[in-house]
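Raw contents of upload-v6.pdb, PDB, C-alpha atoms, pLDDT in the B column:
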ATOM      1  CA  MET Y 284    -106.616 -98.647 -18.115  1.00 74.00           C
ATOM      2  CA  THR Y 285    -104.187 -96.616 -16.031  1.00 87.00           C
ATOM      3  CA  LYS Y 286    -101.247 -97.927 -18.064  1.00 89.00           C
ATOM      4  CA  GLU Y 287    -102.889 -96.797 -21.266  1.00 91.00           C
ATOM      5  CA  LEU Y 288    -103.656 -93.390 -19.791  1.00 91.00           C
ATOM      6  CA  LEU Y 289    -100.046 -93.072 -18.636  1.00 91.00           C
ATOM      7  CA  LYS Y 290     -98.765 -93.958 -22.115  1.00 90.00           C
ATOM      8  CA  ILE Y 291    -101.063 -91.404 -23.717  1.00 91.00           C
ATOM      9  CA  GLU Y 292     -99.951 -88.651 -21.312  1.00 90.00           C
ATOM     10  CA  LEU Y 293     -96.271 -89.467 -21.850  1.00 87.00           C
ATOM     11  CA  ARG Y 294     -96.735 -89.317 -25.631  1.00 89.00           C
ATOM     12  CA  LYS Y 295     -98.400 -85.920 -25.269  1.00 90.00           C
ATOM     13  CA  LEU Y 296     -95.518 -84.637 -23.152  1.00 87.00           C
ATOM     14  CA  LEU Y 297     -92.789 -86.036 -25.390  1.00 84.00           C
ATOM     15  CA  SER Y 298     -94.394 -84.668 -28.527  1.00 88.00           C
ATOM     16  CA  ARG Y 299     -93.727 -81.101 -27.334  1.00 88.00           C
ATOM     17  CA  LYS Y 300     -90.541 -79.548 -28.638  1.00 90.00           C
ATOM     18  CA  SER Y 301     -89.871 -77.681 -25.405  1.00 90.00           C
ATOM     19  CA  VAL Y 302     -89.773 -80.917 -23.394  1.00 88.00           C
ATOM     20  CA  ILE Y 303     -87.368 -82.552 -25.836  1.00 90.00           C
ATOM     21  CA  ALA Y 304     -85.176 -79.428 -25.940  1.00 93.00           C
ATOM     22  CA  THR Y 305     -85.078 -79.284 -22.134  1.00 93.00           C
ATOM     23  CA  PHE Y 306     -84.159 -82.961 -21.919  1.00 92.00           C
ATOM     24  CA  LEU Y 307     -81.331 -82.520 -24.444  1.00 94.00           C
ATOM     25  CA  LEU Y 308     -80.095 -79.431 -22.594  1.00 96.00           C
ATOM     26  CA  VAL Y 309     -79.975 -81.325 -19.290  1.00 96.00           C
ATOM     27  CA  VAL Y 310     -78.057 -84.188 -20.920  1.00 95.00           C
ATOM     28  CA  PHE Y 311     -75.601 -81.712 -22.467  1.00 95.00           C
ATOM     29  CA  ILE Y 312     -75.053 -79.934 -19.138  1.00 92.00           C
ATOM     30  CA  ASN Y 313     -74.441 -83.245 -17.350  1.00 89.00           C
ATOM     31  CA  LEU Y 314     -71.921 -84.395 -19.954  1.00 87.00           C
ATOM     32  CA  THR Y 315     -70.147 -81.031 -19.836  1.00 85.00           C
ATOM     33  CA  TYR Y 316     -70.020 -81.138 -16.034  1.00 83.00           C
ATOM     34  CA  PHE Y 317     -68.582 -84.663 -16.107  1.00 79.00           C
ATOM     35  CA  TYR Y 318     -65.917 -83.711 -18.626  1.00 74.00           C
ATOM     36  CA  PHE Y 319     -64.700 -80.538 -16.916  1.00 73.00           C
ATOM     37  CA  PHE Y 320     -65.136 -81.311 -13.226  1.00 70.00           C
ATOM     38  CA  ASP Y 321     -64.780 -85.062 -12.902  1.00 63.00           C
ATOM     39  CA  TYR Y 322     -62.411 -85.917 -15.698  1.00 59.00           C
ATOM     40  CA  ARG Y 323     -60.271 -82.891 -16.527  1.00 58.00           C
ATOM     41  CA  TRP Y 324     -59.780 -81.509 -13.011  1.00 61.00           C
ATOM     42  CA  ASP Y 325     -58.607 -84.746 -11.480  1.00 62.00           C
ATOM     43  CA  ASP Y 326     -54.985 -83.622 -11.460  1.00 70.00           C
ATOM     44  CA  VAL Y 327     -51.995 -85.339  -9.930  1.00 74.00           C
ATOM     45  CA  TYR Y 328     -48.740 -83.428  -9.658  1.00 73.00           C
ATOM     46  CA  VAL Y 329     -45.634 -85.453 -10.432  1.00 72.00           C
ATOM     47  CA  THR Y 330     -42.001 -84.414 -10.412  1.00 67.00           C
ATOM     48  CA  SER Y 331     -39.774 -85.217 -13.331  1.00 64.00           C
ATOM     49  CA  GLY Y 332     -37.077 -87.869 -13.034  1.00 63.00           C
ATOM     50  CA  ASN Y 333     -34.433 -85.385 -11.885  1.00 63.00           C
ATOM     51  CA  GLY Y 334     -36.856 -83.731  -9.444  1.00 63.00           C
ATOM     52  CA  LYS Y 335     -36.375 -80.224 -10.814  1.00 68.00           C
ATOM     53  CA  SER Y 336     -39.774 -79.641 -12.431  1.00 71.00           C
ATOM     54  CA  VAL Y 337     -43.352 -80.435 -11.468  1.00 72.00           C
ATOM     55  CA  VAL Y 338     -45.879 -81.536 -14.059  1.00 73.00           C
ATOM     56  CA  ALA Y 339     -49.646 -81.710 -13.673  1.00 73.00           C
ATOM     57  CA  VAL Y 340     -51.001 -85.000 -14.994  1.00 75.00           C
ATOM     58  CA  GLU Y 341     -54.694 -84.985 -15.795  1.00 74.00           C
ATOM     59  CA  GLY Y 342     -57.359 -87.194 -17.308  1.00 71.00           C
ATOM     60  CA  LYS Y 343     -57.035 -90.948 -17.617  1.00 77.00           C
ATOM     61  CA  LYS Y 344     -53.375 -90.963 -16.682  1.00 79.00           C
ATOM     62  CA  SER Y 345     -54.031 -89.224 -13.346  1.00 76.00           C
ATOM     63  CA  ILE Y 346     -56.856 -91.653 -12.610  1.00 76.00           C
ATOM     64  CA  GLU Y 347     -54.492 -94.561 -13.319  1.00 81.00           C
ATOM     65  CA  ILE Y 348     -51.846 -93.075 -10.995  1.00 80.00           C
ATOM     66  CA  LYS Y 349     -54.404 -92.657  -8.208  1.00 81.00           C
ATOM     67  CA  LYS Y 350     -55.607 -96.243  -8.696  1.00 83.00           C
ATOM     68  CA  LYS Y 351     -52.018 -97.529  -8.434  1.00 82.00           C
ATOM     69  CA  ILE Y 352     -51.499 -95.548  -5.227  1.00 79.00           C
ATOM     70  CA  GLY Y 353     -54.820 -96.814  -3.850  1.00 81.00           C
ATOM     71  CA  ASN Y 354     -53.986-100.411  -4.740  1.00 82.00           C
ATOM     72  CA  PHE Y 355     -50.586-100.133  -3.067  1.00 78.00           C
ATOM     73  CA  PHE Y 356     -52.079 -98.854   0.190  1.00 77.00           C
ATOM     74  CA  SER Y 357     -55.073-101.223   0.225  1.00 80.00           C
ATOM     75  CA  GLY Y 358     -55.483-104.645   1.747  1.00 79.00           C
ATOM     76  CA  GLU Y 359     -55.117-106.177   5.153  1.00 83.00           C
ATOM     77  CA  ILE Y 360     -53.360-104.088   7.766  1.00 84.00           C
ATOM     78  CA  ASN Y 361     -50.647-105.942   9.627  1.00 87.00           C
ATOM     79  CA  SER Y 362     -47.192-105.040  10.890  1.00 88.00           C
ATOM     80  CA  LYS Y 363     -45.483-106.222   7.696  1.00 87.00           C
ATOM     81  CA  ASN Y 364     -47.701-104.084   5.462  1.00 83.00           C
ATOM     82  CA  VAL Y 365     -47.362-101.051   7.744  1.00 85.00           C
ATOM     83  CA  LYS Y 366     -43.554-101.323   7.670  1.00 88.00           C
ATOM     84  CA  GLU Y 367     -43.628-101.642   3.883  1.00 85.00           C
ATOM     85  CA  MET Y 368     -45.914 -98.595   3.567  1.00 82.00           C
ATOM     86  CA  LYS Y 369     -43.730 -96.506   5.881  1.00 86.00           C
ATOM     87  CA  LYS Y 370     -40.657 -97.505   3.886  1.00 86.00           C
ATOM     88  CA  GLU Y 371     -42.337 -96.513   0.617  1.00 80.00           C
ATOM     89  CA  ILE Y 372     -43.517 -93.171   2.059  1.00 77.00           C
ATOM     90  CA  LYS Y 373     -39.971 -92.377   3.262  1.00 79.00           C
ATOM     91  CA  LYS Y 374     -38.623 -93.264  -0.175  1.00 75.00           C
ATOM     92  CA  ILE Y 375     -41.150 -90.967  -1.847  1.00 68.00           C
ATOM     93  CA  ARG Y 376     -40.459 -88.098   0.536  1.00 67.00           C
ATOM     94  CA  SER Y 377     -36.699 -88.375   0.158  1.00 66.00           C
ATOM     95  CA  LYS Y 378     -36.773 -88.476  -3.636  1.00 60.00           C
ATOM     96  CA  ASP Y 379     -39.859 -86.301  -4.179  1.00 51.00           C
ATOM     97  CA  ILE Y 380     -41.094 -88.838  -6.701  1.00 50.00           C
ATOM     98  CA  ALA Y 381     -44.757 -87.825  -6.621  1.00 49.00           C
ATOM     99  CA  PHE Y 382     -47.066 -85.787  -4.513  1.00 48.00           C
ATOM    100  CA  GLU Y 383     -50.632 -84.618  -4.803  1.00 46.00           C
TER     101      GLU Y 383
END

Let me see whether you can do it: turn the structure in this file into structure tokens.
Amino acid sequence: MTKELLKIELRKLLSRKSVIATFLLVVFINLTYFYFFDYRWDDVYVTSGNGKSVVAVEGKKSIEIKKKIGNFFSGEINSKNVKEMKKEIKKIRSKDIAFE
């Protein structure tokens, strides 16, 4: 009985245009927020090959760059990995390959 009553009340609510319009507006706002704040503003700044200009990389490419950086610096911490990380950081700093 309570399930039937719940179904009836939900049908009454969903039959109203204002409820449907509000739901669609909330979905639109969420998608817009995701696009502008989570996807477009995830910038990574990378220098060109000669190191004279800086370019902002955004979107999927910046996410891929961050994943590569995260994968490089992830894993078990031991003296070998720490030495390798320090060496890579020195290489990046000396050449200004990429920075965020």

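Coordinates place CA of Lys344 (chain Y) at a distance of 15.6 Å from CA of Phe320 (chain Y).
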
> What gap, in Å, lies between CA of Asp326 (chain Y) and CA of Lys370 (chain Y)?
Replying inline: 25.2 Å

> Just how far from CA of Lys343 (chain Y) is CA of Val310 (chain Y), in Å to one decimal?
Replying inline: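 Computed distance, CA of Val310 (chain Y) to CA of Lys343 (chain Y), equals 22.3 Å.
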
>> Since I can't run it myself right now, could you work out what the PyMOL selection byres ((chain Y and resi 327) around 6) selects here and report it as a list in words?
In response: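 Evaluating the PyMOL selection byres ((chain Y and resi 327) around 6) on these coordinates yields Asp326, Tyr328, Ala339, Val340, Ser345 and Glu383 of chain Y.
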
> With all atoms listed in the file as the atoms that count, which of Y:Met284, Y:Ile360, Y:Gly342, Y:Lys373 lies nearest to Phe319 (chain Y)?
Replying inline: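 Among the listed residues, the smallest separation from Phe319 (chain Y) belongs to Y:Gly342.
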
Using the file's own x, y and z axes, so that the box edges lie along x, y and z, what centre and edge lengths in Å (one decimal) does a box around every listed atom of region 294-301 of chain Y get when 3 Å is added on each side? Give it as AutoDock Vina command-line options.
--center_x -94.1 --center_y -83.5 --center_z -25.9 --size_x 14.5 --size_y 17.6 --size_z 11.5

Would you save region 300-375 of chain Y to a file, keeping C-alpha atoms, as a JSON list (two decimals), in the first residue's frame?
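result-v5.json, written as the output of this step:
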[["chain", "number", "residue", "atom", "x", "y", "z"],
["Y", 300, "LYS", "CA", 5.92, 21.40, -15.52],
["Y", 301, "SER", "CA", 7.68, 23.44, -12.84],
["Y", 302, "VAL", "CA", 9.24, 20.32, -11.30],
["Y", 303, "ILE", "CA", 10.48, 19.08, -14.67],
["Y", 304, "ALA", "CA", 11.81, 22.54, -15.58],
["Y", 305, "THR", "CA", 13.63, 22.79, -12.24],
["Y", 306, "PHE", "CA", 15.15, 19.34, -12.69],
["Y", 307, "LEU", "CA", 16.37, 20.22, -16.20],
["Y", 308, "LEU", "CA", 17.78, 23.52, -14.94],
["Y", 309, "VAL", "CA", 19.73, 21.76, -12.18],
["Y", 310, "VAL", "CA", 21.13, 19.24, -14.68],
["Y", 311, "PHE", "CA", 22.14, 22.08, -17.02],
["Y", 312, "ILE", "CA", 23.86, 24.01, -14.21],
["Y", 313, "ASN", "CA", 25.77, 20.90, -13.11],
["Y", 314, "LEU", "CA", 26.96, 20.16, -16.65],
["Y", 315, "THR", "CA", 27.99, 23.78, -17.15],
["Y", 316, "TYR", "CA", 29.87, 23.79, -13.84],
["Y", 317, "PHE", "CA", 31.69, 20.58, -14.78],
["Y", 318, "TYR", "CA", 32.68, 21.93, -18.18],
["Y", 319, "PHE", "CA", 34.00, 25.31, -17.03],
["Y", 320, "PHE", "CA", 35.45, 24.56, -13.60],
["Y", 321, "ASP", "CA", 36.55, 20.94, -13.71],
["Y", 322, "TYR", "CA", 37.46, 20.45, -17.33],
["Y", 323, "ARG", "CA", 38.43, 23.79, -18.86],
["Y", 324, "TRP", "CA", 40.25, 25.32, -15.88],
["Y", 325, "ASP", "CA", 42.52, 22.38, -15.26],
["Y", 326, "ASP", "CA", 45.50, 24.13, -16.83],
["Y", 327, "VAL", "CA", 49.10, 23.01, -16.95],
["Y", 328, "TYR", "CA", 51.74, 25.48, -18.08],
["Y", 329, "VAL", "CA", 54.42, 24.02, -20.32],
["Y", 330, "THR", "CA", 57.42, 25.69, -21.90],
["Y", 331, "SER", "CA", 58.15, 25.23, -25.56],
["Y", 332, "GLY", "CA", 61.08, 23.11, -26.70],
["Y", 333, "ASN", "CA", 63.50, 26.05, -26.73],
["Y", 334, "GLY", "CA", 62.23, 27.30, -23.36],
["Y", 335, "LYS", "CA", 61.43, 30.81, -24.58],
["Y", 336, "SER", "CA", 57.62, 30.74, -24.42],
["Y", 337, "VAL", "CA", 55.09, 29.34, -21.97],
["Y", 338, "VAL", "CA", 51.87, 27.75, -23.18],
["Y", 339, "ALA", "CA", 48.80, 26.91, -21.12],
["Y", 340, "VAL", "CA", 47.57, 23.40, -21.88],
["Y", 341, "GLU", "CA", 43.98, 22.74, -20.89],
["Y", 342, "GLY", "CA", 41.33, 20.06, -21.15],
["Y", 343, "LYS", "CA", 42.11, 16.42, -21.80],
["Y", 344, "LYS", "CA", 45.73, 17.07, -22.65],
["Y", 345, "SER", "CA", 46.40, 18.75, -19.29],
["Y", 346, "ILE", "CA", 44.69, 15.87, -17.49],
["Y", 347, "GLU", "CA", 46.91, 13.42, -19.38],
["Y", 348, "ILE", "CA", 50.04, 15.40, -18.44],
["Y", 349, "LYS", "CA", 49.03, 15.42, -14.77],
["Y", 350, "LYS", "CA", 48.36, 11.67, -14.87],
["Y", 351, "LYS", "CA", 51.83, 11.05, -16.37],
["Y", 352, "ILE", "CA", 53.42, 13.17, -13.64],
["Y", 353, "GLY", "CA", 51.38, 11.36, -10.97],
["Y", 354, "ASN", "CA", 52.30, 7.95, -12.37],
["Y", 355, "PHE", "CA", 55.99, 8.87, -12.43],
["Y", 356, "PHE", "CA", 55.98, 9.94, -8.77],
["Y", 357, "SER", "CA", 53.79, 7.08, -7.52],
["Y", 358, "GLY", "CA", 54.71, 3.67, -6.19],
["Y", 359, "GLU", "CA", 56.86, 2.31, -3.43],
["Y", 360, "ILE", "CA", 59.24, 4.74, -1.79],
["Y", 361, "ASN", "CA", 62.78, 3.44, -1.50],
["Y", 362, "SER", "CA", 66.22, 4.98, -1.91],
["Y", 363, "LYS", "CA", 66.43, 4.04, -5.60],
["Y", 364, "ASN", "CA", 63.11, 5.70, -6.43],
["Y", 365, "VAL", "CA", 63.94, 8.80, -4.37],
["Y", 366, "LYS", "CA", 67.27, 9.21, -6.20],
["Y", 367, "GLU", "CA", 65.51, 8.79, -9.54],
["Y", 368, "MET", "CA", 62.86, 11.37, -8.59],
["Y", 369, "LYS", "CA", 65.48, 13.87, -7.41],
["Y", 370, "LYS", "CA", 67.40, 13.39, -10.65],
["Y", 371, "GLU", "CA", 64.26, 13.99, -12.72],
["Y", 372, "ILE", "CA", 63.34, 17.10, -10.69],
["Y", 373, "LYS", "CA", 66.85, 18.54, -11.20],
["Y", 374, "LYS", "CA", 66.58, 17.83, -14.92],
["Y", 375, "ILE", "CA", 63.22, 19.60, -15.10]]
